[in-house]
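**Student:** Attaching a single structure in structure tokens format; questions to follow.
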Amino acid sequence: MPEPLDVGLFVPCYVDQLAPEVGLATACVLERAGCRVHYDAGQTCCGQPFLNMGATAAGTRLAQRHLDIFQKYETIVCPSGSCTATVRRRYPEFGVGADEAGHAQRARTFELGEFLVRRLERTGLGARFPHRVAVLSSCHGLRDLGLGSASENLGTRERSPTEVLLGEVEGLSLVPSLRDECCGFGGSFAVRLPEVSARMGRARLREWADAGAEYVTGTDVSCLLHLEGIRQREGSGPEAIHLAEILARTEDR
Amino acid sequence: MSHPVESGARRELGSPEAILRHDASVFDLRLRRDAAAGEVPDWEALCDRAAAVKAHGLDHLDRYLEEFERRATEAGAVVHWASDAAAFCATVGDLLEEHAVERVAKSKSMLTEECGLNPHLEERGIVVVDTDLGERIVQLEAEPPSHIIVPAIHRSRQEIGELFHRRMGTPRGETDPERLTRAARRDLRTRFLSAQAGITGVNFAVAETGSLVVVTNEGNADLGMSLPPLHIACLGIEKLIPRLDDLPTFLRLLARSATGQPISAYTSVVTGPRPGGELHIVLVDNGRSALLGDAAHRSALRCIRCGACLNTCPVYRRAGGHAYPGPIPGPIGSVLGPAMHEKGASLPHASTLCGSCTAVCPVRIDLHDQLLAWRREGSPPRGFEALLARLAGFVMARPRLYRMAGALARVVWPALRVRFPGNPAHGWLAARELPRHPGASFSARWARERGAGE
Ligand code: SF4
């Protein structure tokens with residue numbers, strides 16, 4: 001039996017407040033993959049919404065705070081592609097974590113699926129979810145973290161860690177997407193341009209509904225809350241569920 | 001106050017059918033680009049090269065502009081400089097008046113849109129006929145182009161058929177694109193023949209030879225350059241490329257990125273006036289040198305106006321080009337907006353930062369990073385929003401306050417889910433429901449189930 005890997009759990013603020021079950025499912029999946037999960041209750045927000053809004057002073061302060069809190073962990077795992085991308089890719093643009101130590105820490109911050117597939121090389125985790133599931137490839141994971149190949153990129157295609165993991169889930173059938181474009185969330189965009197945002201979301205939901213999807217899953221609670229909100233308003237479409245929640249399901253076992 | 005692109009989208013693409021049609025026709029161009037680019041084995045290397053050539057050209061623009069002026073003058077052209085839109089319009093208007101021109105044929109040029117040339121000339125009593133088919137359609141509809149390559153892409157075939165019926169006497173109900181195109185060509189040809197001057201845009205200007213490169217699919221620019229005795233070519237100073245040898249790289253990228261064609265139907269390289277004719281070249285700054293001086297944002301000047309970033313942009317496709325204030329819509333328009341016009345300051349927020357634009361740009365402009373950079377520098381939150389951001393930042397930096405705020409949110413949440421005037425969640429509720437609050441936070445449940453945190 002190998003020594004369990006110590007993992008610091010990075011729970012984005014909106015997951016903490018609005019989707020606690022996603023955080024719990026993440027911990028559960030990590031433990032099933034053989035990790036020892038640590039949670040520092042001092043964490044709040046990585047600063048992403050502030051940085052993306054242009055509120056740089058508050059954003060950089062929170063970013064620095066995030067790095068300070070997670071410095072002690074060898075490995076940091078987050079159930080969000082966009083928060084991970086903020087830490088890994090955006091921080092240095094704002095002058096945070098640009099030094100050697102910061103660089104190393106940002107490089108050991110992973111999105112959940114990425115960590116399981118690419119770092120641990122664990123894909124089969126004994127989950128069972130007998131449903132037709134579509135995948136939302138959230139943009140920051142797809143393009144900023146390189147989780148899978150965006151359709152506009154030429155050359156060889158690579159499956160995203162999410163797709164690899166779902167492929168191993170018992171009973172689950174993947175509903176192919178015609179497009180991999182943005183769902184329209186985009187943080188402050190969703191409230192600044194709600195109608196355009198909803199047009200984008202409705203288009204995605206319609207596409208998946210037409211393909212017979214019961215659920216849509218992804219790595220970002222924020223995008224999923226947006227899609228779920230539209231589904232509830234429109235009264236139809238696939239239900240949103242986070243990747244960690246599917247991986248944590250072992251019903252009938 | 002809602003964002004201009006939001007209100008524009010509601011106004012311009014009002015019905016679900018219109019949105020679907022617009023999205024489908026624009027996305028079709030993206031797919032054509034994917035296929036065409038995919039057939040070029042060294043596509044990425046080609047993009048790198050184009051980006052490097054443009055970047056080098058911009059770094060030494062002063063030198064190349066001088067060289068271009070010298071060579072073009074040697075070849076017999078007259079070179080004019082215009083510092084801004086007003087100076088540009090005045091220069092072109094004066095030239096036309098000096099030559100007693102009453103009717104002018106104009107081919108596609110985003111620069112003339114940017115500077116408002118048409119209205120200026122019309123005010124001076126000069127009749128301008130746009131000779132690009134799409135430009136002609138929007139001209140007849142008295143509206144600006146909604147796309148930089150396909151100006152009338154927001155119009156359905158039915159609408160165009162109806163317009164041609166009214167203005168060119170095509171049979172009512174005619175929607176066959178070929179027959180409509182033929183009718184427009186016939187109509188335009190007579191106008192070409194009576195035009196006393198041609199105005200064209202320019203895709204590339206070669207410093208080494210003083211040549212202008214004009215690319216079209218309809219050959220209309222070529223007619224405009226060769227039929228009338230006077231040719232006025234208009235270009236922004238960023239169109240310079242150093243050498244003629246650089247040209248093929250750009251031509252390979254441009255047509256494929258724009259429409260998925262291996263090469264545009266007509267590519268003309270013009271060096272000096274044709275025998276017996278006059279060639280005037282107007283080089284326009286209009287904010288470009290200021291952008292050039294800004295190293296963090298200079299990359300936007302590499303743009304070759306291929307439209308690929310528009311075609312891939314899910315915001316553009318569902319808002320429509322007319323939703324964007326300013327002459328250029330879509331990602332590149334939002335990147336140039338804050339630097340180029342006063343209505344452009346909020347444009348960097350009309351994006352989800354999904355990054356697809358950056359991925360397709362053949363000259364490697366870091367479009368979505370630029371949008372974020374502009375948010376940071378150009379349009380940080382102001383007034384009440386700034387206050388809220390500071391307050392939220394203060395709270396978020398203090399776990400206990402953060403938890404108290406979370407507890408408070410839990411209490412008011414059910415009220416936020418209902419639409420009422422003044423609801424702070426109105427932006428969210430405008431398009432979607434607010435989900436039920438899950439109750440206890442993750443940290444509370446973790447503490448309860450696993451003991452206190454670390
Ligand atoms: S920014 Fe790039 S993709 Fe967009 S129009 Fe310009 S060259 Fe084309």
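Just so we're on the same page: first chain in the structure tokens is A, next is B, and so on; residues restart at 1 for each chain, and ligands are numbered from 1 in the order they show up.
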May I have the residues of chain A within 7 Å of chain B, counting only C-alpha atoms, written as a ChimeraX atom specification?
**Tutor:** /A:16-20,23,39-45,52-56,58,62,139-140,143,152-154,181-182,184-186,189-196,198-200,229-230,232-233
**Student:** Output as a count of residues only all residues of segment 199-237 of chain A that backbone DSSP marks as strand (DSSP E).
**Tutor:** 4
**Student:** Which residues sit within 8 Å of ligand 1, counting only C-alpha atoms and all ligand atoms, listed as a list in words?
**Tutor:**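 Residues lying within 8 Å of ligand 1: Ile148, Leu254, Ser257, Ala258, Ala300, Arg302, Cys303, Ile304, Arg305, Cys306, Gly307, Ala308, Cys309, Leu310, Pro331, Ile332, Cys357, Thr358, Val360, Cys361, Pro362, Val363, Arg364, Ile365 and Leu367 of chain B.
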**Student:** Could you save the residues just selected, with N, CA and C atoms, as a PDB file, in the first residue's frame?
**Tutor:**
```pdb
ATOM      1  N   ILE B 148     -17.270  42.407 -40.211  1.00  0.00           N
ATOM      2  CA  ILE B 148     -16.215  43.081 -40.971  1.00  0.00           C
ATOM      3  C   ILE B 148     -15.905  42.397 -42.298  1.00  0.00           C
ATOM      4  N   LEU B 254      -5.308  34.862 -44.486  1.00  0.00           N
ATOM      5  CA  LEU B 254      -6.482  35.743 -44.503  1.00  0.00           C
ATOM      6  C   LEU B 254      -7.736  35.053 -45.042  1.00  0.00           C
ATOM      7  N   SER B 257      -8.902  32.058 -42.876  1.00  0.00           N
ATOM      8  CA  SER B 257      -9.464  32.467 -41.587  1.00  0.00           C
ATOM      9  C   SER B 257     -10.817  33.134 -41.752  1.00  0.00           C
ATOM     10  N   ALA B 258     -10.969  33.857 -42.869  1.00  0.00           N
ATOM     11  CA  ALA B 258     -12.184  34.647 -43.049  1.00  0.00           C
ATOM     12  C   ALA B 258     -13.360  33.795 -43.490  1.00  0.00           C
ATOM     13  N   ALA B 300      -2.882  44.567 -30.662  1.00  0.00           N
ATOM     14  CA  ALA B 300      -4.171  44.678 -31.361  1.00  0.00           C
ATOM     15  C   ALA B 300      -3.993  45.253 -32.761  1.00  0.00           C
ATOM     16  N   ARG B 302      -1.910  44.368 -34.889  1.00  0.00           N
ATOM     17  CA  ARG B 302      -1.524  43.336 -35.854  1.00  0.00           C
ATOM     18  C   ARG B 302      -2.703  42.875 -36.700  1.00  0.00           C
ATOM     19  N   CYS B 303      -3.909  43.137 -36.224  1.00  0.00           N
ATOM     20  CA  CYS B 303      -5.125  42.584 -36.831  1.00  0.00           C
ATOM     21  C   CYS B 303      -5.169  42.750 -38.341  1.00  0.00           C
ATOM     22  N   ILE B 304      -5.498  41.683 -39.045  1.00  0.00           N
ATOM     23  CA  ILE B 304      -5.651  41.749 -40.499  1.00  0.00           C
ATOM     24  C   ILE B 304      -7.131  41.710 -40.897  1.00  0.00           C
ATOM     25  N   ARG B 305      -8.014  41.921 -39.925  1.00  0.00           N
ATOM     26  CA  ARG B 305      -9.460  42.021 -40.176  1.00  0.00           C
ATOM     27  C   ARG B 305     -10.005  40.800 -40.918  1.00  0.00           C
ATOM     28  N   CYS B 306      -9.658  39.624 -40.429  1.00  0.00           N
ATOM     29  CA  CYS B 306     -10.140  38.414 -41.087  1.00  0.00           C
ATOM     30  C   CYS B 306     -11.527  38.016 -40.588  1.00  0.00           C
ATOM     31  N   GLY B 307     -11.897  38.486 -39.402  1.00  0.00           N
ATOM     32  CA  GLY B 307     -13.218  38.184 -38.879  1.00  0.00           C
ATOM     33  C   GLY B 307     -13.327  36.858 -38.150  1.00  0.00           C
ATOM     34  N   ALA B 308     -12.246  36.098 -38.072  1.00  0.00           N
ATOM     35  CA  ALA B 308     -12.332  34.779 -37.433  1.00  0.00           C
ATOM     36  C   ALA B 308     -12.751  34.888 -35.965  1.00  0.00           C
ATOM     37  N   CYS B 309     -12.282  35.924 -35.290  1.00  0.00           N
ATOM     38  CA  CYS B 309     -12.632  36.053 -33.869  1.00  0.00           C
ATOM     39  C   CYS B 309     -14.114  36.364 -33.698  1.00  0.00           C
ATOM     40  N   LEU B 310     -14.696  37.068 -34.665  1.00  0.00           N
ATOM     41  CA  LEU B 310     -16.139  37.313 -34.599  1.00  0.00           C
ATOM     42  C   LEU B 310     -16.890  35.990 -34.780  1.00  0.00           C
ATOM     43  N   PRO B 331     -14.853  40.380 -30.707  1.00  0.00           N
ATOM     44  CA  PRO B 331     -13.689  40.476 -29.819  1.00  0.00           C
ATOM     45  C   PRO B 331     -12.692  41.574 -30.199  1.00  0.00           C
ATOM     46  N   ILE B 332     -12.304  41.637 -31.473  1.00  0.00           N
ATOM     47  CA  ILE B 332     -11.299  42.645 -31.827  1.00  0.00           C
ATOM     48  C   ILE B 332     -11.882  44.048 -31.665  1.00  0.00           C
ATOM     49  N   CYS B 357     -11.561  33.308 -29.165  1.00  0.00           N
ATOM     50  CA  CYS B 357     -11.043  34.309 -30.106  1.00  0.00           C
ATOM     51  C   CYS B 357      -9.520  34.226 -30.194  1.00  0.00           C
ATOM     52  N   THR B 358      -8.885  34.158 -29.051  1.00  0.00           N
ATOM     53  CA  THR B 358      -7.425  34.076 -29.022  1.00  0.00           C
ATOM     54  C   THR B 358      -6.948  32.845 -29.785  1.00  0.00           C
ATOM     55  N   VAL B 360      -8.274  31.328 -32.351  1.00  0.00           N
ATOM     56  CA  VAL B 360      -8.396  31.333 -33.808  1.00  0.00           C
ATOM     57  C   VAL B 360      -7.618  32.456 -34.487  1.00  0.00           C
ATOM     58  N   CYS B 361      -7.177  33.430 -33.738  1.00  0.00           N
ATOM     59  CA  CYS B 361      -6.565  34.606 -34.365  1.00  0.00           C
ATOM     60  C   CYS B 361      -5.282  34.229 -35.115  1.00  0.00           C
ATOM     61  N   PRO B 362      -5.242  34.470 -36.428  1.00  0.00           N
ATOM     62  CA  PRO B 362      -4.083  34.033 -37.220  1.00  0.00           C
ATOM     63  C   PRO B 362      -2.832  34.873 -36.981  1.00  0.00           C
ATOM     64  N   VAL B 363      -2.984  36.032 -36.332  1.00  0.00           N
ATOM     65  CA  VAL B 363      -1.778  36.810 -36.026  1.00  0.00           C
ATOM     66  C   VAL B 363      -1.521  36.838 -34.527  1.00  0.00           C
ATOM     67  N   ARG B 364      -2.142  35.866 -33.836  1.00  0.00           N
ATOM     68  CA  ARG B 364      -1.827  35.612 -32.429  1.00  0.00           C
ATOM     69  C   ARG B 364      -2.021  36.820 -31.514  1.00  0.00           C
ATOM     70  N   ILE B 365      -3.118  37.510 -31.726  1.00  0.00           N
ATOM     71  CA  ILE B 365      -3.431  38.566 -30.767  1.00  0.00           C
ATOM     72  C   ILE B 365      -4.056  37.900 -29.540  1.00  0.00           C
ATOM     73  N   LEU B 367      -6.363  38.084 -27.565  1.00  0.00           N
ATOM     74  CA  LEU B 367      -7.576  38.888 -27.441  1.00  0.00           C
ATOM     75  C   LEU B 367      -8.204  38.835 -26.055  1.00  0.00           C
TER      76      LEU B 367
END
```
**Student:** Mind giving me the straight-line distance from atom CA of Leu178 of chain A to atom CA of Arg157 of chain A in Å, one decimal?
**Tutor:**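 Calculated distance between atom CA of Leu178 of chain A and atom CA of Arg157 of chain A is 14.8 Å.
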**Student:** Could you tell me which of B:Leu253, B:Leu223, B:Val129, B:Leu65 comes closest to Val206 of chain B if we count only C-alpha atoms?
**Tutor:**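 Closest to Val206 of chain B of all the choices is B:Leu65.
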**Student:** Looking at A:Arg61, A:Arg249, A:Arg88, A:Lys72, which one is nearest to Leu9 of chain A, with distances taken over only C-alpha atoms?
**Tutor:**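 The answer is A:Lys72, which sits nearest to Leu9 of chain A.
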**Student:** Apply DSSP to the backbone of this structure and, from segment 215-403 of chain B, keep only the residues in helix (DSSP H, G or I); write these as a ChimeraX atom specification.
**Tutor:** /B:220-226,237-239,244-259,288-292,298-302,308-312,314-319,321-323,330-340,342-344,347-349,356-360,367-377,383-396,399-403
**Student:** What is the atom CA of Asp84 of chain B-atom CA of Thr216 of chain B distance in Å, reported with one decimal?
**Tutor:**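 Interatomic distance, atom CA of Asp84 of chain B to atom CA of Thr216 of chain B: 26.1 Å.
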**Student:** Would you please work out which residue, of A:Val37, A:Cys78, A:Ile241, A:Ala63, is nearest to Tyr91 of chain A when using only C-alpha atoms?
**Tutor:**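 That would be A:Ala63, the residue with the smallest distance to Tyr91 of chain A.
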**Student:** Report as a list in words all protein, DNA and RNA residues lying within 12 Å of Pro130 of chain A, evaluated on only C-alpha atoms, omitting residues in the same chain fewer than 4 positions from it.
**Tutor:**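 What passes the distance filter is Leu166, Gly167, Glu168, Val169, Glu170, Gly171, Leu172, Ser173, Leu174, Ala213, Glu214, Tyr215, Ile246, Leu247, Arg249, Thr250, Glu251 and Asp252 of chain A.
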**Student:** Kindly export the residues of the current selection with N, CA and C atoms, as an mmCIF file, in the first residue's frame.
**Tutor:**
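The file below, part13.cif, is the result:
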```
data_model
loop_
_atom_site.group_PDB
_atom_site.id
_atom_site.type_symbol
_atom_site.label_atom_id
_atom_site.label_comp_id
_atom_site.auth_asym_id
_atom_site.auth_seq_id
_atom_site.Cartn_x
_atom_site.Cartn_y
_atom_site.Cartn_z
ATOM 1 N N LEU A 166 -15.626 10.043 -16.843
ATOM 2 C CA LEU A 166 -17.024 9.637 -17.054
ATOM 3 C C LEU A 166 -17.090 8.339 -17.848
ATOM 4 N N GLY A 167 -16.111 8.149 -18.721
ATOM 5 C CA GLY A 167 -16.069 6.934 -19.516
ATOM 6 C C GLY A 167 -15.960 5.681 -18.658
ATOM 7 N N GLU A 168 -15.460 5.833 -17.451
ATOM 8 C CA GLU A 168 -15.278 4.690 -16.546
ATOM 9 C C GLU A 168 -16.436 4.504 -15.572
ATOM 10 N N VAL A 169 -17.394 5.418 -15.619
ATOM 11 C CA VAL A 169 -18.506 5.327 -14.674
ATOM 12 C C VAL A 169 -19.521 4.306 -15.167
ATOM 13 N N GLU A 170 -19.852 3.375 -14.298
ATOM 14 C CA GLU A 170 -20.745 2.289 -14.684
ATOM 15 C C GLU A 170 -22.133 2.812 -15.044
ATOM 16 N N GLY A 171 -22.632 2.370 -16.160
ATOM 17 C CA GLY A 171 -24.004 2.703 -16.552
ATOM 18 C C GLY A 171 -24.155 4.051 -17.224
ATOM 19 N N LEU A 172 -23.108 4.843 -17.178
ATOM 20 C CA LEU A 172 -23.242 6.202 -17.727
ATOM 21 C C LEU A 172 -23.024 6.199 -19.230
ATOM 22 N N SER A 173 -23.927 6.851 -19.970
ATOM 23 C CA SER A 173 -23.629 7.000 -21.394
ATOM 24 C C SER A 173 -23.434 8.476 -21.715
ATOM 25 N N LEU A 174 -22.332 8.741 -22.383
ATOM 26 C CA LEU A 174 -21.952 10.115 -22.707
ATOM 27 C C LEU A 174 -22.746 10.600 -23.910
ATOM 28 N N ALA A 213 -30.027 14.161 -23.506
ATOM 29 C CA ALA A 213 -29.303 14.155 -22.233
ATOM 30 C C ALA A 213 -30.258 14.374 -21.057
ATOM 31 N N GLU A 214 -30.048 13.594 -19.986
ATOM 32 C CA GLU A 214 -30.800 13.828 -18.754
ATOM 33 C C GLU A 214 -30.053 14.795 -17.844
ATOM 34 N N TYR A 215 -28.738 14.720 -17.906
ATOM 35 C CA TYR A 215 -27.898 15.563 -17.062
ATOM 36 C C TYR A 215 -26.834 16.253 -17.895
ATOM 37 N N ILE A 246 -21.032 13.059 -9.516
ATOM 38 C CA ILE A 246 -21.202 11.812 -10.268
ATOM 39 C C ILE A 246 -20.172 10.786 -9.807
ATOM 40 N N LEU A 247 -18.934 11.245 -9.668
ATOM 41 C CA LEU A 247 -17.866 10.311 -9.276
ATOM 42 C C LEU A 247 -18.085 9.770 -7.870
ATOM 43 N N ARG A 249 -21.000 9.017 -6.638
ATOM 44 C CA ARG A 249 -22.177 8.135 -6.599
ATOM 45 C C ARG A 249 -21.770 6.670 -6.741
ATOM 46 N N THR A 250 -22.193 5.881 -5.787
ATOM 47 C CA THR A 250 -21.934 4.445 -5.918
ATOM 48 C C THR A 250 -23.223 3.677 -5.687
ATOM 49 N N GLU A 251 -24.362 4.334 -5.922
ATOM 50 C CA GLU A 251 -25.650 3.713 -5.619
ATOM 51 C C GLU A 251 -25.743 2.309 -6.229
ATOM 52 N N ASP A 252 -26.529 1.466 -5.613
ATOM 53 C CA ASP A 252 -26.718 0.066 -6.041
ATOM 54 C C ASP A 252 -25.451 -0.753 -5.874
#
```
**Student:** With distances taken over only C-alpha atoms, which of A:Leu243, A:Arg231, A:Val96, A:Thr217 is nearest to Ala57 of chain A?
**Tutor:**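 For Ala57 of chain A, the nearest of the given residues is A:Val96.
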**Student:** Residues at most 9 Å from Leu283 of chain B, counting only C-alpha atoms, excluding those fewer than 3 positions away in the same chain, as a PDB file with all heavy atoms, in the first residue's frame?
**Tutor:**
```pdb
ATOM      1  N   VAL B  79       0.990  60.660 -51.759  1.00  0.00           N
ATOM      2  CA  VAL B  79       0.699  60.157 -50.416  1.00  0.00           C
ATOM      3  C   VAL B  79       0.222  61.291 -49.522  1.00  0.00           C
ATOM      4  O   VAL B  79       0.836  62.365 -49.469  1.00  0.00           O
ATOM      5  CB  VAL B  79       1.949  59.486 -49.808  1.00  0.00           C
ATOM      6  CG1 VAL B  79       1.675  59.044 -48.379  1.00  0.00           C
ATOM      7  CG2 VAL B  79       2.383  58.299 -50.671  1.00  0.00           C
ATOM      8  N   HIS B  80      -0.904  61.059 -48.837  1.00  0.00           N
ATOM      9  CA  HIS B  80      -1.451  62.045 -47.898  1.00  0.00           C
ATOM     10  C   HIS B  80      -1.462  61.435 -46.503  1.00  0.00           C
ATOM     11  O   HIS B  80      -1.588  60.226 -46.354  1.00  0.00           O
ATOM     12  CB  HIS B  80      -2.892  62.417 -48.261  1.00  0.00           C
ATOM     13  CG  HIS B  80      -3.073  62.842 -49.692  1.00  0.00           C
ATOM     14  ND1 HIS B  80      -3.216  64.146 -50.073  1.00  0.00           N
ATOM     15  CD2 HIS B  80      -3.125  62.109 -50.842  1.00  0.00           C
ATOM     16  CE1 HIS B  80      -3.358  64.221 -51.392  1.00  0.00           C
ATOM     17  NE2 HIS B  80      -3.311  62.986 -51.886  1.00  0.00           N
ATOM     18  N   TRP B  81      -1.371  62.286 -45.498  1.00  0.00           N
ATOM     19  CA  TRP B  81      -1.426  61.810 -44.119  1.00  0.00           C
ATOM     20  C   TRP B  81      -2.625  62.446 -43.430  1.00  0.00           C
ATOM     21  O   TRP B  81      -2.881  63.643 -43.590  1.00  0.00           O
ATOM     22  CB  TRP B  81      -0.146  62.187 -43.367  1.00  0.00           C
ATOM     23  CG  TRP B  81       1.082  61.601 -43.977  1.00  0.00           C
ATOM     24  CD1 TRP B  81       1.847  62.148 -44.969  1.00  0.00           C
ATOM     25  CD2 TRP B  81       1.686  60.344 -43.645  1.00  0.00           C
ATOM     26  NE1 TRP B  81       2.887  61.316 -45.286  1.00  0.00           N
ATOM     27  CE2 TRP B  81       2.827  60.195 -44.480  1.00  0.00           C
ATOM     28  CE3 TRP B  81       1.388  59.325 -42.727  1.00  0.00           C
ATOM     29  CZ2 TRP B  81       3.651  59.081 -44.427  1.00  0.00           C
ATOM     30  CZ3 TRP B  81       2.217  58.228 -42.673  1.00  0.00           C
ATOM     31  CH2 TRP B  81       3.332  58.101 -43.512  1.00  0.00           C
ATOM     32  N   ALA B  82      -3.351  61.641 -42.665  1.00  0.00           N
ATOM     33  CA  ALA B  82      -4.486  62.188 -41.917  1.00  0.00           C
ATOM     34  C   ALA B  82      -4.362  61.755 -40.465  1.00  0.00           C
ATOM     35  O   ALA B  82      -4.227  60.565 -40.178  1.00  0.00           O
ATOM     36  CB  ALA B  82      -5.800  61.688 -42.512  1.00  0.00           C
ATOM     37  N   SER B  83      -4.400  62.728 -39.562  1.00  0.00           N
ATOM     38  CA  SER B  83      -4.169  62.397 -38.151  1.00  0.00           C
ATOM     39  C   SER B  83      -5.418  61.822 -37.497  1.00  0.00           C
ATOM     40  O   SER B  83      -5.339  61.036 -36.568  1.00  0.00           O
ATOM     41  CB  SER B  83      -3.712  63.636 -37.395  1.00  0.00           C
ATOM     42  OG  SER B  83      -4.693  64.647 -37.533  1.00  0.00           O
ATOM     43  N   PHE B  88      -9.104  62.943 -42.263  1.00  0.00           N
ATOM     44  CA  PHE B  88      -9.225  61.956 -43.337  1.00  0.00           C
ATOM     45  C   PHE B  88     -10.387  62.300 -44.268  1.00  0.00           C
ATOM     46  O   PHE B  88     -10.244  62.359 -45.494  1.00  0.00           O
ATOM     47  CB  PHE B  88      -9.401  60.565 -42.736  1.00  0.00           C
ATOM     48  CG  PHE B  88      -9.865  59.530 -43.716  1.00  0.00           C
ATOM     49  CD1 PHE B  88      -9.026  59.101 -44.734  1.00  0.00           C
ATOM     50  CD2 PHE B  88     -11.138  58.986 -43.630  1.00  0.00           C
ATOM     51  CE1 PHE B  88      -9.448  58.151 -45.650  1.00  0.00           C
ATOM     52  CE2 PHE B  88     -11.569  58.037 -44.535  1.00  0.00           C
ATOM     53  CZ  PHE B  88     -10.728  57.611 -45.551  1.00  0.00           C
ATOM     54  N   ALA B 233      -6.895  55.417 -52.375  1.00  0.00           N
ATOM     55  CA  ALA B 233      -6.763  54.240 -51.513  1.00  0.00           C
ATOM     56  C   ALA B 233      -6.624  54.702 -50.065  1.00  0.00           C
ATOM     57  O   ALA B 233      -5.831  55.594 -49.774  1.00  0.00           O
ATOM     58  CB  ALA B 233      -5.553  53.417 -51.924  1.00  0.00           C
ATOM     59  N   CYS B 234      -7.416  54.105 -49.176  1.00  0.00           N
ATOM     60  CA  CYS B 234      -7.433  54.554 -47.787  1.00  0.00           C
ATOM     61  C   CYS B 234      -6.929  53.436 -46.889  1.00  0.00           C
ATOM     62  O   CYS B 234      -7.409  52.306 -46.972  1.00  0.00           O
ATOM     63  CB  CYS B 234      -8.856  54.890 -47.361  1.00  0.00           C
ATOM     64  SG  CYS B 234      -9.724  55.897 -48.551  1.00  0.00           S
ATOM     65  N   LEU B 235      -5.989  53.761 -46.027  1.00  0.00           N
ATOM     66  CA  LEU B 235      -5.528  52.713 -45.123  1.00  0.00           C
ATOM     67  C   LEU B 235      -5.071  53.279 -43.794  1.00  0.00           C
ATOM     68  O   LEU B 235      -4.581  54.401 -43.713  1.00  0.00           O
ATOM     69  CB  LEU B 235      -4.381  51.901 -45.756  1.00  0.00           C
ATOM     70  CG  LEU B 235      -3.082  52.615 -46.099  1.00  0.00           C
ATOM     71  CD1 LEU B 235      -1.919  51.660 -45.945  1.00  0.00           C
ATOM     72  CD2 LEU B 235      -3.128  53.146 -47.504  1.00  0.00           C
ATOM     73  N   GLY B 236      -5.271  52.456 -42.754  1.00  0.00           N
ATOM     74  CA  GLY B 236      -4.706  52.782 -41.450  1.00  0.00           C
ATOM     75  C   GLY B 236      -3.218  52.493 -41.488  1.00  0.00           C
ATOM     76  O   GLY B 236      -2.768  51.608 -42.231  1.00  0.00           O
ATOM     77  N   ILE B 237      -2.456  53.222 -40.680  1.00  0.00           N
ATOM     78  CA  ILE B 237      -0.996  53.082 -40.764  1.00  0.00           C
ATOM     79  C   ILE B 237      -0.518  51.692 -40.352  1.00  0.00           C
ATOM     80  O   ILE B 237       0.605  51.307 -40.639  1.00  0.00           O
ATOM     81  CB  ILE B 237      -0.276  54.143 -39.900  1.00  0.00           C
ATOM     82  CG1 ILE B 237      -0.816  54.111 -38.465  1.00  0.00           C
ATOM     83  CG2 ILE B 237      -0.432  55.535 -40.507  1.00  0.00           C
ATOM     84  CD1 ILE B 237      -0.047  55.013 -37.519  1.00  0.00           C
TER      85      ILE B 237
END
```
**Student:** Rounded to one decimal place, report the atom CA of Ser151 of chain A-atom CA of Leu29 of chain B distance in Å.
**Tutor:**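 The value is 13.8 Å.
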**Student:** Excluding same-chain residues fewer than 6 positions from Leu140 of chain B, what lies within 12 Å of it counting only C-alpha atoms, as number ranges by chain?
**Tutor:** B: 128-134, 152, 159-160, 162-168, 184
**Student:** Using only C-alpha atoms, which protein or nucleic acid residues come within 10 Å of Cys35 of chain A? Drop anything in the same chain fewer than 5 positions from it, and give the result as a ChimeraX atom specification.
**Tutor:** /A:3-8,27-30,120
**Student:** Grab the residues selected above and save them as a PDB file, in the first residue's frame with C-alpha atoms.
**Tutor:**
```pdb
ATOM      1  CA  GLU A   3       1.695   6.200   1.448  1.00  0.00           C
ATOM      2  CA  PRO A   4      -1.512   8.195   1.004  1.00  0.00           C
ATOM      3  CA  LEU A   5      -0.933  11.521  -0.726  1.00  0.00           C
ATOM      4  CA  ASP A   6      -1.719  14.614   1.345  1.00  0.00           C
ATOM      5  CA  VAL A   7      -4.019  16.965  -0.483  1.00  0.00           C
ATOM      6  CA  GLY A   8      -5.102  20.467   0.482  1.00  0.00           C
ATOM      7  CA  ALA A  27     -13.250  15.089  -0.582  1.00  0.00           C
ATOM      8  CA  CYS A  28     -14.968  11.711  -0.809  1.00  0.00           C
ATOM      9  CA  VAL A  29     -13.632  11.030  -4.310  1.00  0.00           C
ATOM     10  CA  LEU A  30     -10.124  12.077  -3.345  1.00  0.00           C
ATOM     11  CA  LEU A 120      -2.694  10.172 -10.001  1.00  0.00           C
TER      12      LEU A 120
END
```
